[in-house]
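This is run-v1.cif (mmCIF, C-alpha atoms).
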```cif
data_start
#
loop_
_atom_site.label_atom_id
_atom_site.label_comp_id
_atom_site.auth_asym_id
_atom_site.auth_seq_id
_atom_site.Cartn_x
_atom_site.Cartn_y
_atom_site.Cartn_z
CA MET A 228 116.50 137.65 110.94
CA GLN A 229 115.50 136.14 107.62
CA LYS A 230 113.39 133.01 107.31
CA VAL A 231 114.90 129.69 106.26
CA LEU A 232 112.78 128.00 103.61
CA VAL A 233 112.74 124.39 102.43
CA THR A 234 112.69 124.23 98.63
CA GLY A 235 113.54 120.59 97.91
CA LEU A 236 112.73 117.25 99.51
CA GLY A 237 114.03 113.74 98.87
CA LEU A 238 113.13 110.47 100.57
CA THR A 239 114.11 106.80 100.49
CA CYS A 240 113.06 104.11 102.95
CA SER A 241 111.65 100.59 103.15
CA LEU A 242 108.41 101.83 101.57
CA GLY A 243 110.21 102.74 98.37
CA ARG A 244 112.13 105.50 96.62
CA GLY A 245 110.65 108.96 96.17
CA LYS A 246 108.64 111.00 98.61
CA GLN A 247 105.32 110.90 96.78
CA PRO A 248 104.91 107.10 96.47
CA ILE A 249 106.14 106.72 100.04
CA TRP A 250 103.65 109.35 101.24
CA THR A 251 100.79 107.57 99.50
CA ARG A 252 101.66 104.28 101.17
CA MET A 253 101.96 105.97 104.56
CA LEU A 254 98.53 107.53 104.32
CA ASN A 255 97.28 103.97 103.87
CA ALA A 256 99.15 102.91 107.04
CA GLU A 257 101.37 100.51 105.10
CA SER A 258 104.63 99.12 106.41
CA SER A 259 107.23 96.64 105.16
CA PHE A 260 108.81 94.63 107.96
CA SER A 261 110.54 91.31 107.30
CA PRO A 262 113.77 89.43 108.13
CA CYS A 263 116.88 91.13 106.78
CA THR A 264 118.27 89.65 103.56
CA LEU A 265 121.75 91.19 103.86
CA PRO A 266 124.67 88.76 104.42
CA GLU A 267 125.15 87.38 107.94
CA PHE A 268 121.82 88.68 109.24
CA GLU A 269 120.47 85.12 109.44
CA SER A 270 121.74 85.23 113.03
CA PHE A 271 118.65 87.33 113.80
CA PRO A 272 115.77 85.38 112.22
CA GLU A 273 113.22 86.70 114.73
CA SER A 274 114.16 90.36 114.38
CA PRO A 275 112.21 92.00 111.54
CA VAL A 276 113.70 95.08 109.88
CA ALA A 277 112.52 97.82 107.55
CA GLN A 278 114.94 97.14 104.70
CA ILE A 279 115.06 99.15 101.47
CA PRO A 280 114.20 96.94 98.45
CA ASP A 281 117.22 96.33 96.21
CA PRO A 282 115.61 97.85 93.07
CA CYS A 283 115.35 101.20 94.88
CA LEU A 284 119.16 101.34 95.16
CA ALA A 285 120.06 100.10 91.69
CA ASP A 286 121.96 102.94 90.03
CA SER A 287 125.20 102.59 88.09
CA ALA A 288 126.18 106.10 89.12
CA PHE A 289 126.51 104.91 92.70
CA GLU A 290 128.89 102.02 92.10
CA ARG A 291 131.75 101.54 94.56
CA LEU A 292 129.98 103.51 97.28
CA THR A 293 128.91 102.15 100.65
CA ARG A 294 125.26 101.32 101.25
CA HIS A 295 124.63 104.31 103.49
CA GLU A 296 126.13 106.65 100.86
CA VAL A 297 123.99 105.14 98.11
CA ILE A 298 120.86 105.46 100.26
CA GLY A 299 121.73 109.07 101.04
CA LEU A 300 122.46 110.01 97.44
CA THR A 301 119.13 108.65 96.18
CA ALA A 302 117.39 111.14 98.47
CA VAL A 303 119.86 113.91 97.63
CA ASP A 304 119.25 113.57 93.90
CA GLU A 305 115.50 113.96 94.39
CA ALA A 306 115.84 116.99 96.65
CA LEU A 307 118.29 118.77 94.34
CA ALA A 308 116.18 118.09 91.26
CA GLU A 309 113.12 119.53 92.94
CA ALA A 310 115.01 122.56 94.26
CA GLY A 311 116.32 123.25 90.75
CA TRP A 312 119.70 124.28 92.08
CA ARG A 313 121.55 123.62 88.81
CA GLU A 314 119.37 126.21 87.08
CA SER A 315 119.34 128.59 90.04
CA GLY A 316 122.61 130.37 89.40
CA LEU A 317 123.63 129.81 93.02
CA PRO A 318 127.44 129.68 93.24
CA ALA A 319 128.54 126.30 94.58
CA ASP A 320 130.78 127.99 97.13
CA GLU A 321 127.72 129.58 98.73
CA VAL A 322 125.96 126.24 99.37
CA GLY A 323 126.80 124.21 102.47
CA VAL A 324 126.55 120.47 103.10
CA PHE A 325 125.27 119.13 106.43
CA ALA A 326 125.02 115.39 107.04
CA GLY A 327 123.46 113.46 109.92
CA VAL A 328 124.82 109.95 110.34
CA GLY A 329 124.63 107.01 112.71
CA ALA A 330 126.75 103.96 111.96
CA ALA A 331 127.92 105.37 108.58
CA GLY A 332 129.78 102.66 106.61
CA MET A 333 129.73 100.06 109.37
CA LEU A 334 128.14 97.40 107.15
CA GLU A 335 131.06 97.36 104.71
CA ALA A 336 133.58 97.59 107.54
CA GLU A 337 132.04 94.48 109.07
CA GLN A 338 132.25 92.65 105.76
CA TRP A 339 135.89 93.62 105.33
CA TYR A 340 136.70 92.55 108.87
CA ARG A 341 135.15 89.11 108.39
CA LYS A 342 137.06 88.68 105.15
CA ALA A 343 140.34 89.73 106.74
CA ARG A 344 139.89 87.70 109.91
CA CYS A 345 138.61 84.50 108.33
CA ASN A 346 140.72 84.45 105.18
CA GLY A 347 143.65 86.65 106.05
CA ASP A 348 142.75 88.69 102.97
CA PHE A 349 143.42 92.37 103.58
CA SER A 350 143.03 93.40 99.97
CA GLY A 351 140.52 95.99 98.93
CA ALA A 352 140.70 97.81 102.26
CA TRP A 353 140.11 101.23 100.71
CA GLU A 354 137.14 100.11 98.67
CA SER A 355 135.50 98.57 101.74
CA LEU A 356 136.44 101.18 104.31
CA ARG A 357 136.20 104.47 102.39
CA GLY A 358 132.74 105.11 103.81
CA TYR A 359 133.55 104.09 107.37
CA PRO A 360 134.28 107.58 108.80
CA ALA A 361 131.29 109.58 109.96
CA SER A 362 132.40 112.36 107.61
CA SER A 363 132.17 110.20 104.48
CA LEU A 364 128.58 111.08 103.54
CA ALA A 365 129.15 114.84 103.63
CA ASP A 366 132.44 114.41 101.78
CA THR A 367 130.82 112.30 99.05
CA VAL A 368 127.93 114.73 98.61
CA ALA A 369 130.30 117.70 98.42
CA GLU A 370 132.51 115.89 95.91
CA ARG A 371 129.56 115.11 93.62
CA THR A 372 127.84 118.49 93.85
CA GLY A 373 130.80 120.83 94.20
CA PHE A 374 129.15 122.56 97.17
CA ALA A 375 132.05 124.28 98.86
CA SER A 376 130.71 126.41 101.69
CA VAL A 377 130.25 125.05 105.23
CA ARG A 378 130.62 121.26 105.47
CA SER A 379 129.51 119.55 108.66
CA SER A 380 128.95 115.97 109.82
CA VAL A 381 126.77 115.39 112.88
CA ALA A 382 126.66 112.17 114.87
CA THR A 383 124.39 112.50 117.91
CA ALA A 384 122.83 109.05 117.57
CA CYS A 385 119.15 109.14 116.58
CA SER A 386 118.95 112.94 116.57
CA SER A 387 121.79 113.39 114.05
CA GLY A 388 119.61 114.30 111.08
CA SER A 389 117.60 116.79 113.14
CA ALA A 390 120.71 118.44 114.55
CA ALA A 391 122.14 118.76 111.04
CA LEU A 392 118.98 120.58 109.96
CA GLY A 393 119.13 122.97 112.90
CA LEU A 394 122.80 123.75 112.33
CA ALA A 395 122.22 124.33 108.62
CA ALA A 396 119.39 126.77 109.32
CA GLN A 397 121.61 128.54 111.84
CA ALA A 398 124.42 128.86 109.27
CA ILE A 399 122.04 130.41 106.73
CA ARG A 400 120.63 132.89 109.25
CA ARG A 401 124.13 133.94 110.26
CA GLY A 402 125.21 134.48 106.67
CA ARG A 403 127.70 131.64 106.55
CA CYS A 404 126.03 130.33 103.40
CA LYS A 405 123.05 131.26 101.22
CA ALA A 406 121.72 127.72 100.97
CA ALA A 407 122.41 124.29 102.40
CA LEU A 408 121.82 120.69 101.46
CA VAL A 409 120.99 118.56 104.48
CA VAL A 410 120.94 114.77 104.34
CA GLY A 411 120.55 112.09 106.98
CA SER A 412 121.26 108.50 105.98
CA GLU A 413 121.43 105.12 107.71
CA ALA A 414 122.07 101.55 106.52
CA LEU A 415 121.42 98.38 108.44
CA ASN A 416 124.44 96.68 110.01
CA LEU A 417 125.17 93.84 112.39
CA LEU A 418 126.68 95.93 115.19
CA THR A 419 123.53 98.00 115.55
CA MET A 420 121.29 94.96 115.30
CA ALA A 421 123.30 93.08 117.93
CA GLY A 422 123.33 96.10 120.22
CA PHE A 423 119.58 96.58 120.24
CA ALA A 424 119.03 92.83 120.48
CA SER A 425 121.24 92.70 123.58
CA LEU A 426 119.10 95.45 125.10
CA LYS A 427 116.04 93.29 124.36
CA SER A 428 114.44 96.28 122.70
CA ILE A 429 113.50 94.83 119.29
CA ASP A 430 109.87 93.91 118.69
CA PRO A 431 109.73 90.41 117.14
CA GLN A 432 106.67 91.27 115.06
CA ARG A 433 106.21 94.92 114.08
CA CYS A 434 106.64 98.47 115.31
CA ARG A 435 103.59 99.47 117.37
CA PRO A 436 104.21 102.75 119.21
CA PHE A 437 101.95 103.64 122.14
CA ASP A 438 100.28 100.21 122.09
CA ARG A 439 99.99 98.44 125.43
CA ASP A 440 101.59 95.33 123.84
CA ARG A 441 104.56 97.12 122.29
CA LYS A 442 107.89 95.39 122.79
CA GLY A 443 110.42 97.65 121.14
CA ILE A 444 111.69 99.08 117.91
CA VAL A 445 112.01 97.73 114.39
CA LEU A 446 115.33 98.82 112.93
CA GLY A 447 115.06 100.58 109.60
CA GLU A 448 117.27 102.15 106.99
CA GLY A 449 116.58 105.18 104.88
CA ALA A 450 117.49 108.74 104.03
CA GLY A 451 115.88 112.15 103.99
CA ALA A 452 117.33 115.13 102.13
CA LEU A 453 116.22 118.76 102.37
CA PHE A 454 117.44 121.81 100.46
CA LEU A 455 117.32 124.95 102.61
CA GLU A 456 117.83 128.55 101.58
CA GLY A 457 117.30 132.01 102.90
CA GLU A 458 114.00 133.66 102.05
CA THR A 459 115.65 136.35 99.93
CA THR A 460 117.53 133.82 97.83
CA ALA A 461 114.43 131.65 97.34
CA GLN A 462 112.29 134.63 96.33
CA GLU A 463 114.87 135.97 93.89
CA ARG A 464 114.89 132.74 91.93
CA GLY A 465 111.17 131.98 92.31
CA ALA A 466 111.72 128.67 94.09
CA THR A 467 108.83 126.40 95.05
CA VAL A 468 108.58 126.31 98.84
CA TRP A 469 107.49 123.40 101.02
CA GLY A 470 107.59 125.36 104.24
CA CYS A 471 109.69 127.28 106.69
CA LEU A 472 112.05 125.85 109.30
CA ALA A 473 110.84 128.39 111.81
CA GLY A 474 112.80 127.29 114.87
CA TRP A 475 114.70 124.51 116.55
CA GLY A 476 115.76 123.37 119.98
CA TRP A 477 118.58 121.14 121.15
CA ALA A 478 118.76 119.75 124.67
CA ALA A 479 119.95 116.78 126.69
CA ASP A 480 118.35 115.23 129.74
CA CYS A 481 121.60 113.42 130.75
CA HIS A 482 119.53 110.81 132.55
CA HIS A 483 120.79 107.47 131.24
CA MET A 484 122.91 106.08 128.41
CA SER A 485 119.92 104.62 126.61
CA ALA A 486 116.72 105.49 128.53
CA PRO A 487 115.02 108.90 128.48
CA HIS A 488 114.21 110.79 131.64
CA PRO A 489 110.84 109.43 132.89
CA GLU A 490 109.28 112.90 132.56
CA GLY A 491 110.85 113.58 129.18
CA ARG A 492 112.75 116.61 130.46
CA GLY A 493 115.07 116.84 127.47
CA ALA A 494 112.14 116.81 125.06
CA VAL A 495 110.36 119.49 127.08
CA ARG A 496 113.35 121.83 126.87
CA ALA A 497 114.00 121.14 123.19
CA ILE A 498 110.40 121.78 122.10
CA ARG A 499 110.16 124.92 124.20
CA GLN A 500 113.40 126.19 122.63
CA ALA A 501 112.06 125.44 119.15
CA LEU A 502 108.86 127.37 119.81
CA GLU A 503 110.65 130.25 121.51
CA SER A 504 113.12 130.63 118.64
CA SER A 505 110.25 130.59 116.15
CA GLY A 506 108.20 133.11 118.13
CA LEU A 507 105.21 130.77 118.25
CA PRO A 508 103.03 129.92 121.26
CA PRO A 509 102.36 126.24 122.03
CA GLU A 510 98.71 126.67 120.97
CA ARG A 511 99.85 127.30 117.40
CA VAL A 512 101.12 123.74 117.02
CA GLY A 513 98.54 121.39 115.55
CA TYR A 514 100.64 118.28 114.94
CA VAL A 515 103.72 116.62 116.40
CA ASN A 516 105.54 113.84 114.56
CA MET A 517 106.78 112.11 117.69
CA HIS A 518 109.89 110.03 118.23
CA GLY A 519 107.52 107.14 119.02
CA THR A 520 109.93 104.21 118.89
CA GLY A 521 107.63 101.56 120.37
CA THR A 522 109.72 101.03 123.51
CA ARG A 523 107.88 101.13 126.80
CA LEU A 524 109.97 103.82 128.47
CA ASN A 525 110.34 106.12 125.48
CA ASP A 526 106.67 106.26 124.50
CA ALA A 527 105.52 106.94 128.05
CA ALA A 528 108.16 109.61 128.72
CA GLU A 529 107.52 111.37 125.43
CA THR A 530 103.78 111.45 126.10
CA LYS A 531 104.44 113.11 129.45
CA ALA A 532 106.68 115.65 127.73
CA MET A 533 103.91 116.59 125.31
CA LYS A 534 101.48 117.16 128.18
CA THR A 535 104.02 119.31 129.98
CA VAL A 536 104.71 121.50 126.95
CA PHE A 537 101.17 121.82 125.60
CA GLY A 538 99.11 121.44 128.78
CA GLU A 539 95.38 121.02 128.29
CA TYR A 540 95.77 121.94 124.63
CA ALA A 541 97.45 118.54 124.05
CA ASP A 542 94.02 116.93 124.19
CA ARG A 543 92.99 118.87 121.07
CA MET A 544 96.16 118.19 119.06
CA LEU A 545 97.16 115.39 116.73
CA PHE A 546 100.24 113.25 117.20
CA SER A 547 101.64 110.25 115.37
CA SER A 548 104.71 108.11 114.93
CA THR A 549 105.81 107.56 111.34
CA LYS A 550 108.34 105.02 112.65
CA SER A 551 105.39 102.66 112.86
CA MET A 552 105.75 102.43 109.06
CA THR A 553 109.38 103.33 108.27
CA GLY A 554 110.99 101.60 111.23
CA HIS A 555 113.60 103.43 113.27
CA CYS A 556 116.11 104.92 110.83
CA LEU A 557 118.43 105.95 113.67
CA GLY A 558 120.88 108.65 112.46
CA ALA A 559 118.59 109.38 109.51
CA ALA A 560 115.38 109.48 111.58
CA GLY A 561 115.25 113.25 112.01
CA ALA A 562 115.79 113.97 108.33
CA VAL A 563 113.31 111.30 107.19
CA GLU A 564 110.67 112.48 109.63
CA SER A 565 111.23 116.15 108.82
CA VAL A 566 110.44 115.40 105.16
CA LEU A 567 107.24 113.65 106.26
CA THR A 568 106.34 116.45 108.68
CA LEU A 569 106.67 119.03 105.92
CA MET A 570 104.51 116.92 103.64
CA ALA A 571 101.87 116.73 106.37
CA LEU A 572 101.99 120.51 106.70
CA LYS A 573 101.81 121.12 102.95
CA HIS A 574 99.03 118.62 102.21
CA GLY A 575 97.01 119.16 105.39
CA MET A 576 97.07 115.44 106.17
CA ILE A 577 98.36 113.72 109.28
CA PRO A 578 99.99 110.32 108.67
CA PRO A 579 98.66 107.65 111.04
CA THR A 580 100.32 105.61 113.71
CA ALA A 581 100.12 102.13 112.23
CA ASN A 582 99.66 98.98 114.32
CA LEU A 583 98.21 100.87 117.28
CA GLU A 584 95.37 98.54 118.22
CA HIS A 585 95.35 98.37 122.03
CA PRO A 586 95.95 101.83 123.56
CA ASP A 587 98.21 102.01 126.59
CA PRO A 588 96.58 103.98 129.46
CA GLU A 589 99.95 105.70 129.98
CA CYS A 590 99.86 106.91 126.37
CA ASP A 591 96.52 108.65 126.09
CA LEU A 592 96.92 111.33 123.41
CA ASP A 593 95.37 111.23 119.93
CA TYR A 594 98.01 109.40 117.90
CA ALA A 595 95.80 109.01 114.79
CA PRO A 596 95.73 105.22 115.20
CA GLY A 597 95.53 103.32 111.94
CA THR A 598 93.94 106.08 109.86
CA ALA A 599 95.30 109.30 108.38
CA ARG A 600 93.54 112.50 109.47
CA SER A 601 92.67 115.62 107.55
CA ALA A 602 94.12 118.82 109.02
CA PRO A 603 93.52 121.56 106.45
CA ASP A 604 94.11 124.40 108.90
CA LEU A 605 97.50 123.21 110.14
CA THR A 606 99.76 126.21 110.73
CA CYS A 607 102.66 124.66 112.64
CA ALA A 608 104.03 121.14 112.92
CA VAL A 609 106.83 119.89 115.16
CA ASN A 610 109.16 116.95 114.72
CA ASN A 611 110.56 115.65 118.00
CA VAL A 612 113.53 113.27 118.00
CA MET A 613 115.09 111.70 121.08
CA ALA A 614 118.43 109.89 121.12
CA PHE A 615 120.72 107.79 123.30
CA GLY A 616 122.48 109.81 125.94
CA GLY A 617 119.47 112.11 126.18
CA ASN A 618 120.27 114.05 123.00
CA VAL A 619 116.97 115.61 121.91
CA VAL A 620 116.25 117.89 118.95
CA ALA A 621 112.91 119.49 118.10
CA LEU A 622 112.16 121.29 114.83
CA ALA A 623 109.22 123.64 114.24
CA PHE A 624 107.91 123.97 110.68
CA THR A 625 105.37 126.48 109.40
CA PRO A 626 103.87 127.28 105.98
CA HIS A 627 105.82 129.95 104.11
CA GLU A 628 102.85 132.31 104.20
CA SER A 629 102.76 132.42 108.01
#
```
Can I see the file as structure tokens?
Amino acid sequence: MQKVLVTGLGLTCSLGRGKQPIWTRMLNAESSFSPCTLPEFESFPESPVAQIPDPCLADSAFERLTRHEVIGLTAVDEALAEAGWRESGLPADEVGVFAGVGAAGMLEAEQWYRKARCNGDFSGAWESLRGYPASSLADTVAERTGFASVRSSVATACSSGSAALGLAAQAIRRGRCKAALVVGSEALNLLTMAGFASLKSIDPQRCRPFDRDRKGIVLGEGAGALFLEGETTAQERGATVWGCLAGWGWAADCHHMSAPHPEGRGAVRAIRQALESSGLPPERVGYVNMHGTGTRLNDAAETKAMKTVFGEYADRMLFSSTKSMTGHCLGAAGAVESVLTLMALKHGMIPPTANLEHPDPECDLDYAPGTARSAPDLTCAVNNVMAFGGNVVALAFTPHES
């Protein structure tokens, strides 16, 4: 079975637009949390968010699109430019589109609803609601690129982007397409904010995973895009390779609507599946980009899962939560964090867990608190993403040479 290689990366989040400037800020443990400036969010003055700065989304080519589509397309453009697909000679009907989404165009739907309810003005429904369906991101990307092979939209809450990546790799290995563009995108919206606020799971100050004083998540928005292709196709066109998506696992612990199983059973199964499908032993993994939301139950359960999977070796590994800097990008989290995991693998640097100042005795692994770590001999990195309903996806990445 041929390898699936990653030949293009794109990234947009609250730290900026473009993977390299974002990566630089992350290595310095920077974050950008503040009250949301979008309309109507003044109802949540004590709930900081990781909002994308307006200049990062200013592009006349994206007019009349919803915010989550614009965010997604900024990352897509970067990934496609790096992959060089226009010059590759790849027929558009051999490239698939896989999108991971959360609330999709909920922000614009909320705005239209308020306008209709308060003013009785139902005009402009199509303009406001065109991005409401979960399929809208994949449809928009396909329309703009002409990619006409497999098209799939995945909505498994916070693991959507990761599941989209796994399904895309599976489609390439099975010969359904020669290459695939994968994008996960999320925009802030009131429904999501109100939901997490009602659960009392939003930290009023910052995201501080694994800290004894953590109080919850900081909602974020962002997008990650990855261009995948079979090894033969990539070699034939001399593509630059970031790494190999060596394996993936998909599991559910079915424990609770919002809380993970206390022992992290879903994460255990997903990571073991990812390693088994990649043919790698646990000892090969040197770094795990954890889900690390900053909630009390999640961080503790995920730590237990790591100990179960890696045993005593966990004490010699590095872990971190990039959500401590990007916020929780929900449906886009897996795609955003996969981009960052591949960059860690390629550059031999582990991004830190920011804001981790007072370690929790229940969370006693090496989370690279506050400072990036050098890892020049890294040969496998895992991204673990856990979602509501127990939906867990783990992705194993290796250098192309391995």
Given only C-alpha atoms as the counted atoms, nearest of A:Met253, A:Glu539, A:Glu337, A:Thr372 to Pro318 (chain A):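 Closest residue, counting only C-alpha atoms: A:Thr372.
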Interatomic distance (Å, one decimal) between CA of Ala532 (chain A) and CA of Pro603 (chain A):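 Pair CA of Ala532 (chain A) / CA of Pro603 (chain A) returns 25.7 Å.
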Which of A:Val233, A:Met576, A:Ala497, A:Val468 sits closest to Met613 (chain A) [using all atoms listed in the file]: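 Using all atoms listed in the file, the shortest distance to Met613 (chain A) belongs to A:Ala497.
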Using only C-alpha atoms, I'd like a table of the residues in region 344-397 of chain A that come within 12 Å of region 604-610 of chain A; for each, show the closest atom pair and its distance in Å rounded to one decimal, ordered by chain and ascending number, as JSON lines.
```
{"residue": "A:Ser386", "atom": "CA", "partner": "A:Asn610", "partner_atom": "CA", "distance": 10.7}
{"residue": "A:Gly388", "atom": "CA", "partner": "A:Asn610", "partner_atom": "CA", "distance": 11.4}
{"residue": "A:Ser389", "atom": "CA", "partner": "A:Asn610", "partner_atom": "CA", "distance": 8.6}
{"residue": "A:Ala390", "atom": "CA", "partner": "A:Asn610", "partner_atom": "CA", "distance": 11.6}
{"residue": "A:Leu392", "atom": "CA", "partner": "A:Asn610", "partner_atom": "CA", "distance": 11.5}
{"residue": "A:Gly393", "atom": "CA", "partner": "A:Asn610", "partner_atom": "CA", "distance": 11.8}
```
Skip Glu584 (chain A) itself and residues of its chain fewer than 6 positions away, then list as a short mmCIF file (atom, residue, chain, number, x, y, z; two decimals) with C-alpha atoms, keeping the file's coordinate frame all residues within 8 Å of it, counting all atoms listed in the file.
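Saved the output as out30.cif:
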```cif
data_model
loop_
_atom_site.label_atom_id
_atom_site.label_comp_id
_atom_site.auth_asym_id
_atom_site.auth_seq_id
_atom_site.Cartn_x
_atom_site.Cartn_y
_atom_site.Cartn_z
CA ASP A 438 100.28 100.21 122.09
CA PRO A 596 95.73 105.22 115.20
CA GLY A 597 95.53 103.32 111.94
#
```
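What the PyMOL selection byres ((chain A and resi 331) around 9) picks from this file is Thr293, Arg294, His295, Glu296, Val328, Gly329, Ala330, Gly332, Met333, Leu334, Gly358, Tyr359, Pro360, Ala361, Ser362, Ser363, Leu364, Ser412, Glu413, Ala414 and Gly558 of chain A.
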Option closest in space to Ala450 (chain A), from A:Asp587, A:Glu257, A:Glu305, A:Glu273 [counting all atoms listed in the file]: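 Checking each candidate against Ala450 (chain A), we get A:Glu305 as the closest.
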Long-range neighbours of Phe325 (chain A) as JSON, numbers by chain, 8 Å cut-off, only C-alpha atoms, 6 positions minimum in chain: {"A": [365, 377, 378, 379, 380, 381, 391, 392, 394, 395, 407, 408, 409, 410]}
